[in-house]
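**Student:** Pasting a structure here, questions to come.
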Amino acid sequence: MTNITTYPLRLPHSVKAAVEKLAKEDGVSINQFVATAVAEKLAAMRTLDFFTIRRNRTDAKAFRRIMRRKGGQPPREGDEQI
(Lines give C-alpha, C1' and ligand atoms only; values in the text may rest on other atoms or scores of the structure.)
Protein backbone atom coordinates (compact mmCIF):
# COMPACT_ATOMS: atom_id res chain seq x y z
CA MET A 1 0.00 0.00 0.00
CA THR A 2 1.52 3.29 -1.04
CA ASN A 3 -1.20 5.58 0.29
CA ILE A 4 -2.01 4.70 3.88
CA THR A 5 -4.35 6.54 6.19
CA THR A 6 -5.27 5.86 9.78
CA TYR A 7 -8.72 5.48 11.22
CA PRO A 8 -9.52 5.07 14.91
CA LEU A 9 -11.74 2.01 15.07
CA ARG A 10 -14.00 1.17 17.99
CA LEU A 11 -14.97 -2.47 18.31
CA PRO A 12 -17.03 -4.29 20.91
CA HIS A 13 -14.74 -6.26 23.23
CA SER A 14 -16.04 -9.59 21.96
CA VAL A 15 -15.35 -8.66 18.32
CA LYS A 16 -11.86 -7.38 19.12
CA ALA A 17 -11.09 -10.57 21.05
CA ALA A 18 -12.23 -12.70 18.12
CA VAL A 19 -10.17 -10.62 15.68
CA GLU A 20 -7.09 -10.91 17.91
CA LYS A 21 -7.48 -14.68 18.10
CA LEU A 22 -7.98 -15.16 14.36
CA ALA A 23 -5.21 -12.74 13.42
CA LYS A 24 -2.81 -14.58 15.72
CA GLU A 25 -3.84 -17.94 14.24
CA ASP A 26 -3.23 -16.55 10.74
CA GLY A 27 0.09 -15.02 11.77
CA VAL A 28 -0.91 -11.47 10.80
CA SER A 29 -1.37 -8.23 12.67
CA ILE A 30 -4.80 -7.09 13.79
CA ASN A 31 -4.43 -4.16 11.41
CA GLN A 32 -3.71 -6.46 8.46
CA PHE A 33 -6.58 -8.75 9.41
CA VAL A 34 -9.08 -5.86 9.59
CA ALA A 35 -7.78 -4.28 6.36
CA THR A 36 -8.17 -7.62 4.55
CA ALA A 37 -11.66 -8.14 5.97
CA VAL A 38 -12.72 -4.67 4.78
CA ALA A 39 -11.22 -5.31 1.33
CA GLU A 40 -13.10 -8.63 1.09
CA LYS A 41 -16.38 -6.93 2.01
CA LEU A 42 -15.81 -4.22 -0.62
CA ALA A 43 -15.12 -6.88 -3.24
CA ALA A 44 -18.31 -8.73 -2.35
CA MET A 45 -20.37 -5.55 -2.56
CA ARG A 46 -18.84 -4.59 -5.91
CA THR A 47 -19.53 -8.08 -7.23
CA LEU A 48 -23.16 -7.79 -6.17
CA ASP A 49 -23.40 -4.41 -7.93
CA PHE A 50 -21.85 -5.88 -11.08
CA PHE A 51 -24.33 -8.75 -11.27
CA THR A 52 -27.27 -6.46 -10.42
CA ILE A 53 -26.35 -4.21 -13.34
CA ARG A 54 -25.95 -7.22 -15.64
CA ARG A 55 -29.30 -8.65 -14.51
CA ASN A 56 -31.03 -5.35 -15.25
CA ARG A 57 -29.66 -5.42 -18.81
CA THR A 58 -31.03 -8.87 -19.61
CA ASP A 59 -33.66 -9.57 -22.21
CA ALA A 60 -35.79 -12.33 -20.67
CA LYS A 61 -37.80 -12.89 -23.86
CA ALA A 62 -34.63 -13.40 -25.91
CA PHE A 63 -33.26 -15.78 -23.27
CA ARG A 64 -36.42 -17.91 -23.31
CA ARG A 65 -36.42 -17.91 -27.12
CA ILE A 66 -32.82 -19.13 -27.21
CA MET A 67 -33.48 -21.80 -24.59
CA ARG A 68 -36.46 -23.19 -26.56
CA ARG A 69 -34.75 -23.30 -29.95
CA LYS A 70 -34.32 -26.59 -31.76
CA GLY A 71 -30.98 -28.31 -32.12
CA GLY A 72 -28.03 -28.46 -29.86
CA GLN A 73 -26.96 -31.37 -27.75
CA PRO A 74 -28.49 -32.83 -24.63
CA PRO A 75 -26.74 -32.06 -21.33
CA ARG A 76 -23.67 -34.15 -20.56
CA GLU A 77 -23.85 -36.48 -17.60
CA GLY A 78 -23.74 -34.39 -14.46
CA ASP A 79 -25.11 -31.26 -16.19
CA GLU A 80 -28.75 -32.27 -16.07
CA GLN A 81 -31.27 -29.84 -14.69
CA ILE A 82 -32.06 -30.54 -11.06
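Residues are named by chain letter and number: chains run A, B, ... in the order of the C-alpha coordinates, numbers start at 1 in each chain, and ligands are numbered from 1 in the order shown.
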Could you pull out the residues in segment 10-62 of chain A that DSSP calls alpha helix (DSSP H) from the backbone, as a VMD selection string?
**Tutor:** chain A and resid 13 to 26 30 to 56 60 to 62
**Student:** Which neighbours of segment 19-23 of chain A fall inside 12 Å, counting only C-alpha atoms, when residues of the same chain fewer than 3 positions from it are skipped, and could you give them as a ChimeraX atom specification?
**Tutor:** /A:11-16,26-37
**Student:** Please dump the current selection as a PDB file, in the first residue's frame; keep N, CA, C and O atoms.
**Tutor:**
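And here's selection.pdb as it stands now:
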```pdb
ATOM      1  N   LEU A  11     -14.353  -1.152  18.451  1.00  0.00           N
ATOM      2  CA  LEU A  11     -14.972  -2.466  18.314  1.00  0.00           C
ATOM      3  C   LEU A  11     -15.496  -2.926  19.668  1.00  0.00           C
ATOM      4  O   LEU A  11     -14.875  -2.655  20.695  1.00  0.00           O
ATOM      5  N   PRO A  12     -16.604  -3.655  19.669  1.00  0.00           N
ATOM      6  CA  PRO A  12     -17.029  -4.289  20.915  1.00  0.00           C
ATOM      7  C   PRO A  12     -15.915  -5.237  21.378  1.00  0.00           C
ATOM      8  O   PRO A  12     -15.186  -5.808  20.565  1.00  0.00           O
ATOM      9  N   HIS A  13     -15.796  -5.401  22.669  1.00  0.00           N
ATOM     10  CA  HIS A  13     -14.736  -6.255  23.230  1.00  0.00           C
ATOM     11  C   HIS A  13     -14.765  -7.660  22.629  1.00  0.00           C
ATOM     12  O   HIS A  13     -13.712  -8.223  22.318  1.00  0.00           O
ATOM     13  N   SER A  14     -15.953  -8.216  22.468  1.00  0.00           N
ATOM     14  CA  SER A  14     -16.042  -9.592  21.957  1.00  0.00           C
ATOM     15  C   SER A  14     -15.530  -9.679  20.512  1.00  0.00           C
ATOM     16  O   SER A  14     -14.870 -10.652  20.143  1.00  0.00           O
ATOM     17  N   VAL A  15     -15.820  -8.656  19.712  1.00  0.00           N
ATOM     18  CA  VAL A  15     -15.354  -8.656  18.318  1.00  0.00           C
ATOM     19  C   VAL A  15     -13.836  -8.505  18.286  1.00  0.00           C
ATOM     20  O   VAL A  15     -13.138  -9.222  17.553  1.00  0.00           O
ATOM     21  N   LYS A  16     -13.313  -7.584  19.090  1.00  0.00           N
ATOM     22  CA  LYS A  16     -11.863  -7.380  19.122  1.00  0.00           C
ATOM     23  C   LYS A  16     -11.156  -8.652  19.576  1.00  0.00           C
ATOM     24  O   LYS A  16     -10.120  -9.044  19.011  1.00  0.00           O
ATOM     25  N   ASP A  26      -3.669 -16.740  12.126  1.00  0.00           N
ATOM     26  CA  ASP A  26      -3.226 -16.546  10.741  1.00  0.00           C
ATOM     27  C   ASP A  26      -1.810 -15.997  10.648  1.00  0.00           C
ATOM     28  O   ASP A  26      -1.247 -15.889   9.562  1.00  0.00           O
ATOM     29  N   GLY A  27      -1.263 -15.570  11.777  1.00  0.00           N
ATOM     30  CA  GLY A  27       0.090 -15.024  11.774  1.00  0.00           C
ATOM     31  C   GLY A  27       0.179 -13.634  11.171  1.00  0.00           C
ATOM     32  O   GLY A  27       1.180 -13.291  10.548  1.00  0.00           O
ATOM     33  N   VAL A  28      -0.894 -12.841  11.325  1.00  0.00           N
ATOM     34  CA  VAL A  28      -0.907 -11.470  10.796  1.00  0.00           C
ATOM     35  C   VAL A  28      -1.259 -10.514  11.928  1.00  0.00           C
ATOM     36  O   VAL A  28      -1.755 -10.916  12.977  1.00  0.00           O
ATOM     37  N   SER A  29      -1.019  -9.242  11.677  1.00  0.00           N
ATOM     38  CA  SER A  29      -1.372  -8.234  12.668  1.00  0.00           C
ATOM     39  C   SER A  29      -2.881  -8.005  12.658  1.00  0.00           C
ATOM     40  O   SER A  29      -3.571  -8.329  11.673  1.00  0.00           O
ATOM     41  N   ILE A  30      -3.379  -7.444  13.741  1.00  0.00           N
ATOM     42  CA  ILE A  30      -4.803  -7.087  13.790  1.00  0.00           C
ATOM     43  C   ILE A  30      -5.115  -6.107  12.672  1.00  0.00           C
ATOM     44  O   ILE A  30      -6.142  -6.220  11.998  1.00  0.00           O
ATOM     45  N   ASN A  31      -4.230  -5.150  12.459  1.00  0.00           N
ATOM     46  CA  ASN A  31      -4.433  -4.164  11.407  1.00  0.00           C
ATOM     47  C   ASN A  31      -4.559  -4.833  10.037  1.00  0.00           C
ATOM     48  O   ASN A  31      -5.461  -4.521   9.258  1.00  0.00           O
ATOM     49  N   GLN A  32      -3.663  -5.764   9.740  1.00  0.00           N
ATOM     50  CA  GLN A  32      -3.707  -6.457   8.455  1.00  0.00           C
ATOM     51  C   GLN A  32      -4.982  -7.294   8.339  1.00  0.00           C
ATOM     52  O   GLN A  32      -5.613  -7.339   7.284  1.00  0.00           O
ATOM     53  N   PHE A  33      -5.368  -7.941   9.415  1.00  0.00           N
ATOM     54  CA  PHE A  33      -6.585  -8.748   9.406  1.00  0.00           C
ATOM     55  C   PHE A  33      -7.810  -7.884   9.101  1.00  0.00           C
ATOM     56  O   PHE A  33      -8.631  -8.221   8.240  1.00  0.00           O
ATOM     57  N   VAL A  34      -7.929  -6.744   9.791  1.00  0.00           N
ATOM     58  CA  VAL A  34      -9.078  -5.857   9.590  1.00  0.00           C
ATOM     59  C   VAL A  34      -9.055  -5.272   8.185  1.00  0.00           C
ATOM     60  O   VAL A  34     -10.090  -5.208   7.507  1.00  0.00           O
ATOM     61  N   ALA A  35      -7.878  -4.847   7.707  1.00  0.00           N
ATOM     62  CA  ALA A  35      -7.778  -4.282   6.360  1.00  0.00           C
ATOM     63  C   ALA A  35      -8.197  -5.308   5.305  1.00  0.00           C
ATOM     64  O   ALA A  35      -8.923  -4.981   4.352  1.00  0.00           O
ATOM     65  N   THR A  36      -7.787  -6.554   5.489  1.00  0.00           N
ATOM     66  CA  THR A  36      -8.167  -7.619   4.551  1.00  0.00           C
ATOM     67  C   THR A  36      -9.662  -7.890   4.614  1.00  0.00           C
ATOM     68  O   THR A  36     -10.315  -8.075   3.577  1.00  0.00           O
ATOM     69  N   ALA A  37     -10.223  -7.899   5.814  1.00  0.00           N
ATOM     70  CA  ALA A  37     -11.663  -8.136   5.965  1.00  0.00           C
ATOM     71  C   ALA A  37     -12.468  -7.031   5.274  1.00  0.00           C
ATOM     72  O   ALA A  37     -13.469  -7.305   4.597  1.00  0.00           O
TER      73      ALA A  37
END
```
